[in-house]
Structure formats: C-alpha cells, structure tokens
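Coordinates from structure-v3.cif are shown below (mmCIF, N, CA and C atoms).
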```
data_run
loop_
_atom_site.label_atom_id
_atom_site.label_comp_id
_atom_site.auth_asym_id
_atom_site.auth_seq_id
_atom_site.Cartn_x
_atom_site.Cartn_y
_atom_site.Cartn_z
N MET N 1 -37.15 63.33 78.51
CA MET N 1 -36.26 62.21 78.64
C MET N 1 -34.89 62.73 79.06
N SER N 2 -34.17 61.91 79.76
CA SER N 2 -32.85 62.31 80.25
C SER N 2 -31.81 62.18 79.13
N ARG N 3 -30.66 62.76 79.38
CA ARG N 3 -29.56 62.66 78.42
C ARG N 3 -29.17 61.20 78.20
N GLU N 4 -29.12 60.42 79.27
CA GLU N 4 -28.76 59.01 79.17
C GLU N 4 -29.79 58.23 78.35
N GLU N 5 -31.07 58.50 78.60
CA GLU N 5 -32.14 57.84 77.84
C GLU N 5 -32.07 58.23 76.36
N LEU N 6 -31.80 59.50 76.10
CA LEU N 6 -31.67 59.98 74.73
C LEU N 6 -30.55 59.26 73.99
N TYR N 7 -29.39 59.17 74.61
CA TYR N 7 -28.25 58.50 73.98
C TYR N 7 -28.52 57.01 73.74
N ALA N 8 -29.15 56.35 74.72
CA ALA N 8 -29.44 54.92 74.56
C ALA N 8 -30.43 54.68 73.42
N LEU N 9 -31.47 55.51 73.33
CA LEU N 9 -32.45 55.35 72.27
C LEU N 9 -31.85 55.68 70.90
N ALA N 10 -31.03 56.71 70.84
CA ALA N 10 -30.38 57.07 69.57
C ALA N 10 -29.49 55.93 69.10
N GLU N 11 -28.73 55.35 70.01
CA GLU N 11 -27.86 54.22 69.65
C GLU N 11 -28.71 53.03 69.18
N HIS N 12 -29.79 52.76 69.88
CA HIS N 12 -30.67 51.65 69.51
C HIS N 12 -31.21 51.82 68.09
N GLU N 13 -31.51 53.05 67.71
CA GLU N 13 -32.04 53.34 66.39
C GLU N 13 -30.95 53.53 65.34
N GLY N 14 -29.68 53.48 65.76
CA GLY N 14 -28.57 53.64 64.83
C GLY N 14 -28.44 55.05 64.29
N LEU N 15 -28.79 56.03 65.11
CA LEU N 15 -28.74 57.42 64.71
C LEU N 15 -27.87 58.23 65.66
N GLY N 16 -27.34 59.33 65.16
CA GLY N 16 -26.70 60.30 66.03
C GLY N 16 -27.77 60.99 66.86
N VAL N 17 -27.37 61.61 67.94
CA VAL N 17 -28.33 62.23 68.85
C VAL N 17 -29.14 63.32 68.15
N GLU N 18 -28.50 64.20 67.40
CA GLU N 18 -29.22 65.28 66.73
C GLU N 18 -30.24 64.73 65.73
N GLN N 19 -29.86 63.71 64.98
CA GLN N 19 -30.78 63.11 64.01
C GLN N 19 -31.94 62.43 64.73
N PHE N 20 -31.64 61.74 65.84
CA PHE N 20 -32.70 61.09 66.62
C PHE N 20 -33.71 62.13 67.10
N ILE N 21 -33.22 63.26 67.59
CA ILE N 21 -34.11 64.33 68.06
C ILE N 21 -35.02 64.80 66.92
N LYS N 22 -34.45 65.01 65.75
CA LYS N 22 -35.24 65.48 64.60
C LYS N 22 -36.33 64.48 64.22
N VAL N 23 -36.02 63.19 64.28
CA VAL N 23 -36.96 62.17 63.81
C VAL N 23 -37.97 61.77 64.89
N PHE N 24 -37.52 61.60 66.12
CA PHE N 24 -38.36 60.97 67.14
C PHE N 24 -38.79 61.87 68.30
N CYS N 25 -38.34 63.11 68.35
CA CYS N 25 -38.61 63.94 69.52
C CYS N 25 -39.29 65.25 69.15
N ARG N 26 -39.77 65.90 70.18
CA ARG N 26 -40.30 67.25 70.06
C ARG N 26 -39.99 67.99 71.35
N TRP N 27 -39.96 69.31 71.26
CA TRP N 27 -39.75 70.14 72.44
C TRP N 27 -41.11 70.51 73.01
N MET N 28 -41.24 70.37 74.32
CA MET N 28 -42.47 70.74 75.01
C MET N 28 -42.12 71.83 76.02
N GLU N 29 -43.13 72.52 76.51
CA GLU N 29 -42.90 73.58 77.48
C GLU N 29 -43.59 73.27 78.80
N ALA N 30 -42.81 73.33 79.87
CA ALA N 30 -43.35 73.11 81.22
C ALA N 30 -44.09 74.36 81.68
N ASP N 31 -44.81 74.23 82.78
CA ASP N 31 -45.57 75.36 83.33
C ASP N 31 -44.69 76.57 83.62
N ASP N 32 -43.42 76.32 83.97
CA ASP N 32 -42.51 77.42 84.29
C ASP N 32 -41.81 78.00 83.06
N GLY N 33 -42.17 77.51 81.87
CA GLY N 33 -41.59 78.03 80.63
C GLY N 33 -40.37 77.27 80.15
N THR N 34 -39.86 76.34 80.95
CA THR N 34 -38.70 75.54 80.54
C THR N 34 -39.09 74.62 79.39
N LYS N 35 -38.27 74.59 78.36
CA LYS N 35 -38.52 73.67 77.25
C LYS N 35 -37.75 72.38 77.50
N PHE N 36 -38.43 71.24 77.33
CA PHE N 36 -37.80 69.95 77.57
C PHE N 36 -38.11 69.00 76.43
N LEU N 37 -37.26 68.01 76.27
CA LEU N 37 -37.37 67.06 75.18
C LEU N 37 -38.32 65.93 75.55
N SER N 38 -39.17 65.56 74.60
CA SER N 38 -40.13 64.47 74.79
C SER N 38 -40.21 63.67 73.50
N LEU N 39 -40.60 62.42 73.63
CA LEU N 39 -40.83 61.62 72.43
C LEU N 39 -42.07 62.13 71.71
N ARG N 40 -42.05 62.06 70.40
CA ARG N 40 -43.22 62.45 69.60
C ARG N 40 -44.34 61.44 69.80
N GLU N 41 -45.54 61.89 69.49
CA GLU N 41 -46.69 61.00 69.46
C GLU N 41 -47.20 60.95 68.02
N THR N 42 -47.96 59.91 67.74
CA THR N 42 -48.62 59.82 66.44
C THR N 42 -49.83 60.75 66.45
N SER N 43 -50.52 60.84 65.35
CA SER N 43 -51.71 61.69 65.28
C SER N 43 -52.80 61.19 66.24
N GLY N 44 -52.73 59.92 66.63
CA GLY N 44 -53.68 59.36 67.60
C GLY N 44 -53.18 59.45 69.02
N TYR N 45 -52.14 60.24 69.27
CA TYR N 45 -51.53 60.46 70.59
C TYR N 45 -50.85 59.23 71.17
N GLU N 46 -50.50 58.28 70.33
CA GLU N 46 -49.72 57.14 70.80
C GLU N 46 -48.24 57.46 70.62
N CYS N 47 -47.43 56.85 71.45
CA CYS N 47 -45.98 57.03 71.35
C CYS N 47 -45.50 56.63 69.96
N ILE N 48 -44.52 57.34 69.48
CA ILE N 48 -43.97 57.05 68.15
C ILE N 48 -43.36 55.64 68.08
N PHE N 49 -43.03 55.06 69.22
CA PHE N 49 -42.47 53.71 69.25
C PHE N 49 -43.52 52.63 69.52
N TRP N 50 -44.78 53.02 69.61
CA TRP N 50 -45.85 52.06 69.88
C TRP N 50 -46.37 51.46 68.58
N ASN N 51 -46.49 50.14 68.58
CA ASN N 51 -47.07 49.42 67.45
C ASN N 51 -48.24 48.62 68.00
N LYS N 52 -49.43 48.84 67.46
CA LYS N 52 -50.63 48.19 68.01
C LYS N 52 -50.55 46.67 67.98
N ASP N 53 -49.76 46.12 67.07
CA ASP N 53 -49.65 44.66 66.96
C ASP N 53 -48.54 44.06 67.82
N THR N 54 -47.45 44.80 67.96
CA THR N 54 -46.28 44.25 68.66
C THR N 54 -45.93 44.98 69.95
N GLY N 55 -46.59 46.08 70.25
CA GLY N 55 -46.31 46.83 71.46
C GLY N 55 -45.16 47.80 71.30
N CYS N 56 -44.50 48.09 72.38
CA CYS N 56 -43.41 49.07 72.39
C CYS N 56 -42.15 48.47 71.77
N SER N 57 -41.63 49.15 70.75
CA SER N 57 -40.45 48.62 70.07
C SER N 57 -39.15 48.93 70.81
N VAL N 58 -39.22 49.75 71.86
CA VAL N 58 -38.02 50.07 72.66
C VAL N 58 -38.29 49.80 74.14
N TYR N 59 -39.10 48.79 74.42
CA TYR N 59 -39.59 48.53 75.77
C TYR N 59 -38.47 48.53 76.82
N SER N 60 -37.38 47.85 76.55
CA SER N 60 -36.31 47.76 77.55
C SER N 60 -35.59 49.10 77.76
N LEU N 61 -35.77 50.04 76.86
CA LEU N 61 -35.12 51.34 76.94
C LEU N 61 -36.10 52.48 77.24
N ARG N 62 -37.32 52.14 77.60
CA ARG N 62 -38.33 53.18 77.82
C ARG N 62 -37.83 54.25 78.78
N PRO N 63 -38.00 55.51 78.41
CA PRO N 63 -37.65 56.59 79.33
C PRO N 63 -38.61 56.61 80.53
N VAL N 64 -38.23 57.33 81.56
CA VAL N 64 -39.06 57.45 82.76
C VAL N 64 -40.46 57.92 82.39
N GLN N 65 -40.58 58.83 81.41
CA GLN N 65 -41.91 59.33 81.03
C GLN N 65 -42.82 58.19 80.62
N CYS N 66 -42.26 57.14 80.04
CA CYS N 66 -43.06 55.99 79.60
C CYS N 66 -43.27 54.99 80.72
N ARG N 67 -42.21 54.73 81.46
CA ARG N 67 -42.29 53.72 82.53
C ARG N 67 -43.27 54.11 83.63
N THR N 68 -43.47 55.40 83.82
CA THR N 68 -44.31 55.85 84.92
C THR N 68 -45.73 56.25 84.49
N TYR N 69 -45.99 56.26 83.21
CA TYR N 69 -47.32 56.65 82.73
C TYR N 69 -48.37 55.63 83.16
N PRO N 70 -49.53 56.02 83.62
CA PRO N 70 -50.11 57.37 83.66
C PRO N 70 -49.92 58.07 85.01
N PHE N 71 -48.98 57.61 85.80
CA PHE N 71 -48.81 58.17 87.15
C PHE N 71 -47.89 59.38 87.13
N TRP N 72 -48.27 60.36 86.34
CA TRP N 72 -47.56 61.64 86.26
C TRP N 72 -48.28 62.64 87.15
N SER N 73 -47.53 63.56 87.72
CA SER N 73 -48.10 64.53 88.65
C SER N 73 -49.26 65.31 88.04
N ASP N 74 -49.16 65.73 86.78
CA ASP N 74 -50.26 66.50 86.19
C ASP N 74 -51.49 65.63 85.93
N VAL N 75 -51.30 64.35 85.66
CA VAL N 75 -52.43 63.44 85.46
C VAL N 75 -53.07 63.09 86.80
N MET N 76 -52.25 62.97 87.84
CA MET N 76 -52.72 62.56 89.16
C MET N 76 -53.18 63.75 90.02
N ARG N 77 -53.16 64.93 89.45
CA ARG N 77 -53.47 66.15 90.22
C ARG N 77 -54.84 66.05 90.91
N ASN N 78 -55.84 65.57 90.19
CA ASN N 78 -57.18 65.43 90.77
C ASN N 78 -58.00 64.49 89.89
N LYS N 79 -59.22 64.20 90.30
CA LYS N 79 -60.06 63.27 89.55
C LYS N 79 -60.37 63.78 88.14
N ASN N 80 -60.55 65.07 88.00
CA ASN N 80 -60.85 65.63 86.68
C ASN N 80 -59.68 65.43 85.71
N SER N 81 -58.46 65.66 86.18
CA SER N 81 -57.30 65.48 85.29
C SER N 81 -57.14 63.99 84.94
N TRP N 82 -57.41 63.11 85.90
CA TRP N 82 -57.36 61.67 85.63
C TRP N 82 -58.41 61.29 84.59
N ASP N 83 -59.62 61.79 84.75
CA ASP N 83 -60.70 61.47 83.81
C ASP N 83 -60.42 62.02 82.42
N ARG N 84 -59.81 63.21 82.33
CA ARG N 84 -59.44 63.76 81.01
C ARG N 84 -58.41 62.87 80.33
N GLU N 85 -57.45 62.38 81.10
CA GLU N 85 -56.43 61.49 80.53
C GLU N 85 -57.04 60.17 80.10
N LYS N 86 -58.01 59.69 80.87
CA LYS N 86 -58.69 58.44 80.54
C LYS N 86 -59.38 58.53 79.17
N GLU N 87 -59.85 59.70 78.81
CA GLU N 87 -60.47 59.90 77.49
C GLU N 87 -59.46 59.68 76.36
N LYS N 88 -58.18 59.95 76.64
CA LYS N 88 -57.12 59.79 75.63
C LYS N 88 -56.53 58.39 75.62
N CYS N 89 -56.60 57.71 76.77
CA CYS N 89 -55.93 56.42 76.90
C CYS N 89 -56.93 55.34 77.34
N PRO N 90 -57.27 54.44 76.45
CA PRO N 90 -58.25 53.41 76.80
C PRO N 90 -57.77 52.42 77.85
N GLY N 91 -56.47 52.40 78.16
CA GLY N 91 -55.95 51.47 79.15
C GLY N 91 -56.12 51.93 80.58
N ILE N 92 -56.40 53.21 80.78
CA ILE N 92 -56.57 53.73 82.14
C ILE N 92 -57.85 53.15 82.74
N ASN N 93 -57.73 52.68 83.99
CA ASN N 93 -58.80 52.04 84.75
C ASN N 93 -59.11 50.64 84.24
N CYS N 94 -58.20 50.05 83.47
CA CYS N 94 -58.36 48.68 82.98
C CYS N 94 -57.15 47.87 83.43
N GLY N 95 -57.31 46.59 83.52
CA GLY N 95 -56.17 45.72 83.83
C GLY N 95 -55.83 45.72 85.30
N THR N 96 -54.55 45.61 85.59
CA THR N 96 -54.04 45.48 86.96
C THR N 96 -54.34 46.73 87.78
N LEU N 97 -54.85 46.52 88.97
CA LEU N 97 -55.08 47.61 89.91
C LEU N 97 -53.77 47.86 90.66
N HIS N 98 -53.31 49.09 90.66
CA HIS N 98 -52.05 49.45 91.32
C HIS N 98 -52.35 50.04 92.68
N GLY N 99 -51.60 49.59 93.68
CA GLY N 99 -51.78 50.07 95.04
C GLY N 99 -51.17 51.44 95.26
N LYS N 100 -51.54 52.05 96.36
CA LYS N 100 -51.09 53.40 96.68
C LYS N 100 -49.56 53.48 96.75
N CYS N 101 -48.92 52.50 97.37
CA CYS N 101 -47.46 52.53 97.49
C CYS N 101 -46.79 52.52 96.12
N GLU N 102 -47.26 51.67 95.23
CA GLU N 102 -46.68 51.60 93.88
C GLU N 102 -46.90 52.91 93.13
N ILE N 103 -48.09 53.47 93.26
CA ILE N 103 -48.38 54.74 92.59
C ILE N 103 -47.49 55.85 93.14
N MET N 104 -47.31 55.88 94.45
CA MET N 104 -46.45 56.90 95.06
C MET N 104 -45.00 56.74 94.59
N GLU N 105 -44.54 55.50 94.45
CA GLU N 105 -43.19 55.25 93.93
C GLU N 105 -43.05 55.77 92.49
N GLN N 106 -44.08 55.53 91.68
CA GLN N 106 -44.06 55.99 90.29
C GLN N 106 -44.07 57.52 90.23
N LEU N 107 -44.86 58.16 91.08
CA LEU N 107 -44.89 59.62 91.13
C LEU N 107 -43.53 60.17 91.54
N ALA N 108 -42.89 59.53 92.52
CA ALA N 108 -41.57 59.98 92.96
C ALA N 108 -40.54 59.80 91.86
N LEU N 109 -40.58 58.68 91.17
CA LEU N 109 -39.66 58.44 90.05
C LEU N 109 -39.86 59.48 88.96
N TYR N 110 -41.11 59.74 88.61
CA TYR N 110 -41.41 60.76 87.60
C TYR N 110 -40.92 62.13 88.06
N GLY N 111 -41.13 62.43 89.32
CA GLY N 111 -40.71 63.72 89.87
C GLY N 111 -39.21 63.90 89.94
N SER N 112 -38.46 62.79 90.01
CA SER N 112 -37.00 62.88 90.14
C SER N 112 -36.28 62.84 88.80
N ARG N 113 -37.04 62.75 87.70
CA ARG N 113 -36.40 62.67 86.38
C ARG N 113 -35.61 63.94 86.11
N ASN N 114 -34.63 63.81 85.24
CA ASN N 114 -33.76 64.94 84.89
C ASN N 114 -33.81 65.11 83.38
N PRO N 115 -34.86 65.74 82.86
CA PRO N 115 -35.03 65.79 81.41
C PRO N 115 -34.03 66.71 80.71
N VAL N 116 -33.79 66.38 79.44
CA VAL N 116 -33.00 67.26 78.59
C VAL N 116 -33.83 68.52 78.39
N THR N 117 -33.22 69.66 78.65
CA THR N 117 -33.89 70.94 78.43
C THR N 117 -33.16 71.69 77.33
N ASP N 118 -33.72 72.82 76.92
CA ASP N 118 -33.09 73.58 75.85
C ASP N 118 -31.71 74.11 76.25
N GLY N 119 -31.35 74.00 77.53
CA GLY N 119 -30.03 74.42 77.97
C GLY N 119 -29.05 73.28 78.21
N THR N 120 -29.50 72.04 78.01
CA THR N 120 -28.66 70.87 78.25
C THR N 120 -27.63 70.72 77.14
N GLU N 121 -26.39 70.52 77.54
CA GLU N 121 -25.35 70.23 76.55
C GLU N 121 -25.46 68.78 76.11
N LEU N 122 -25.57 68.56 74.81
CA LEU N 122 -25.70 67.21 74.29
C LEU N 122 -24.32 66.69 73.90
#
```

Output the structure of this file as structure tokens.
Amino acid sequence: MSREELYALAEHEGLGVEQFIKVFCRWMEADDGTKFLSLRETSGYECIFWNKDTGCSVYSLRPVQCRTYPFWSDVMRNKNSWDREKEKCPGINCGTLHGKCEIMEQLALYGSRNPVTDGTEL
C-alpha cells in the first residue's frame, strides 16, 4: 500500500500510522528482496477488513492492491498461476466477465503503485 493509502486507512481507524501498521499490516518480500507493506489476511486468507456479512469495511479507501485484485502481475503470469489463485479465491471466474482492456488497465494500475517499503519515511 502507498503512503497515502496508509495514512487514509490509519485515520479512518482512528489510529496513528505506527499503531495501524502493528494491528492491520505485515511486511512482505518482493522477488527482488525489497520488503513492502501489505494488509494482513485472516487465517482463511481473507483481507483483515473483509466481513462475510457486510463486505469490505473500508471499501471507499481500498488500496490499489485491493482495487486491482485478482489482476495482479503474479496472478496473471500464466494459466497455472491463475488456477492456483482460483483455489484460494472462490470469486475468481464467477460473476462479471472483464474484458481485455479493463484487465490491462488494472494490471497497469497495479504495476504503477508506489508501495511503502522498509526504506520509506513515514
């Protein structure tokens, strides 16, 4: 998530940025070794802000990682990666069919994100 997304979510939850990170985030590692901030998931791999009865509790503030899912470069890499993700997410291949242009826009948006990394000044 970006610095702007982090600050907006922390404010929404009534927390300081450091406290928000402790409660709602985790550090992940990219293929190049860069550590970046991501929202935590539940034990069932659902977003920490997802409620099965009411949906996303921060919908209007969703970070790019959420707005573009499942159209992430690593998920879209090939059919096998798509099928592996489908095993984790029952919504994949269900509902609205997205056209190539929309998918390409989502991939570009995901690719242009500027996530908080372990070197980002908060």

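The coordinates place CA of Glu102 in chain N at 22.2 Å from CA of Pro115 in chain N.
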
I need the strand (DSSP E) residues of chain N per DSSP on the backbone, written as a ChimeraX atom specification.
/N:25-29,35-39,50-51,55-56

Contacts of range 62-69 of chain N at 6.5 Å (all atoms listed in the file; same-chain gap of 3+ positions) as a list in words:
Met1, Ser2, Glu5, Val58, Tyr59, Trp72, Gln106 and Tyr110 of chain N

Could those selected residues go to a file with N, CA and C atoms, as a tab-separated table (two decimals), in the coordinates of the input?
```
chain	number	residue	atom	x	y	z
N	1	MET	N	-37.15	63.33	78.51
N	1	MET	CA	-36.26	62.21	78.64
N	1	MET	C	-34.89	62.73	79.06
N	2	SER	N	-34.17	61.91	79.76
N	2	SER	CA	-32.85	62.31	80.25
N	2	SER	C	-31.81	62.18	79.13
N	5	GLU	N	-31.07	58.50	78.60
N	5	GLU	CA	-32.14	57.84	77.84
N	5	GLU	C	-32.07	58.23	76.36
N	58	VAL	N	-39.22	49.75	71.86
N	58	VAL	CA	-38.02	50.07	72.66
N	58	VAL	C	-38.29	49.80	74.14
N	59	TYR	N	-39.10	48.79	74.42
N	59	TYR	CA	-39.59	48.53	75.77
N	59	TYR	C	-38.47	48.53	76.82
N	72	TRP	N	-48.27	60.36	86.34
N	72	TRP	CA	-47.56	61.64	86.26
N	72	TRP	C	-48.28	62.64	87.15
N	106	GLN	N	-44.08	55.53	91.68
N	106	GLN	CA	-44.06	55.99	90.29
N	106	GLN	C	-44.07	57.52	90.23
N	110	TYR	N	-41.11	59.74	88.61
N	110	TYR	CA	-41.41	60.76	87.60
N	110	TYR	C	-40.92	62.13	88.06
```

When you draw a straight line from CA of Val17 in chain N to CA of Asp31 in chain N, how long is it in Å?
26.1 Å

Give me, please, the distance in Å between atom C of Ala108 in chain N and atom N of Ala8 in chain N, quoted to one decimal.
20.9 Å

Near range 32-38 of chain N, counting only C-alpha atoms, which residues have an atom at most 9 Å away, once you skip same-chain residues fewer than 4 positions from it, shown as a ChimeraX atom specification?
/N:1-2,21,24-28,65,115-119

Hey, what's within 8 Å of range 91-95 of chain N if we count only N, CA and C atoms and toss same-chain stuff fewer than 5 positions away? As a list in words, please?
Pro70, Glu85 and Lys86 of chain N
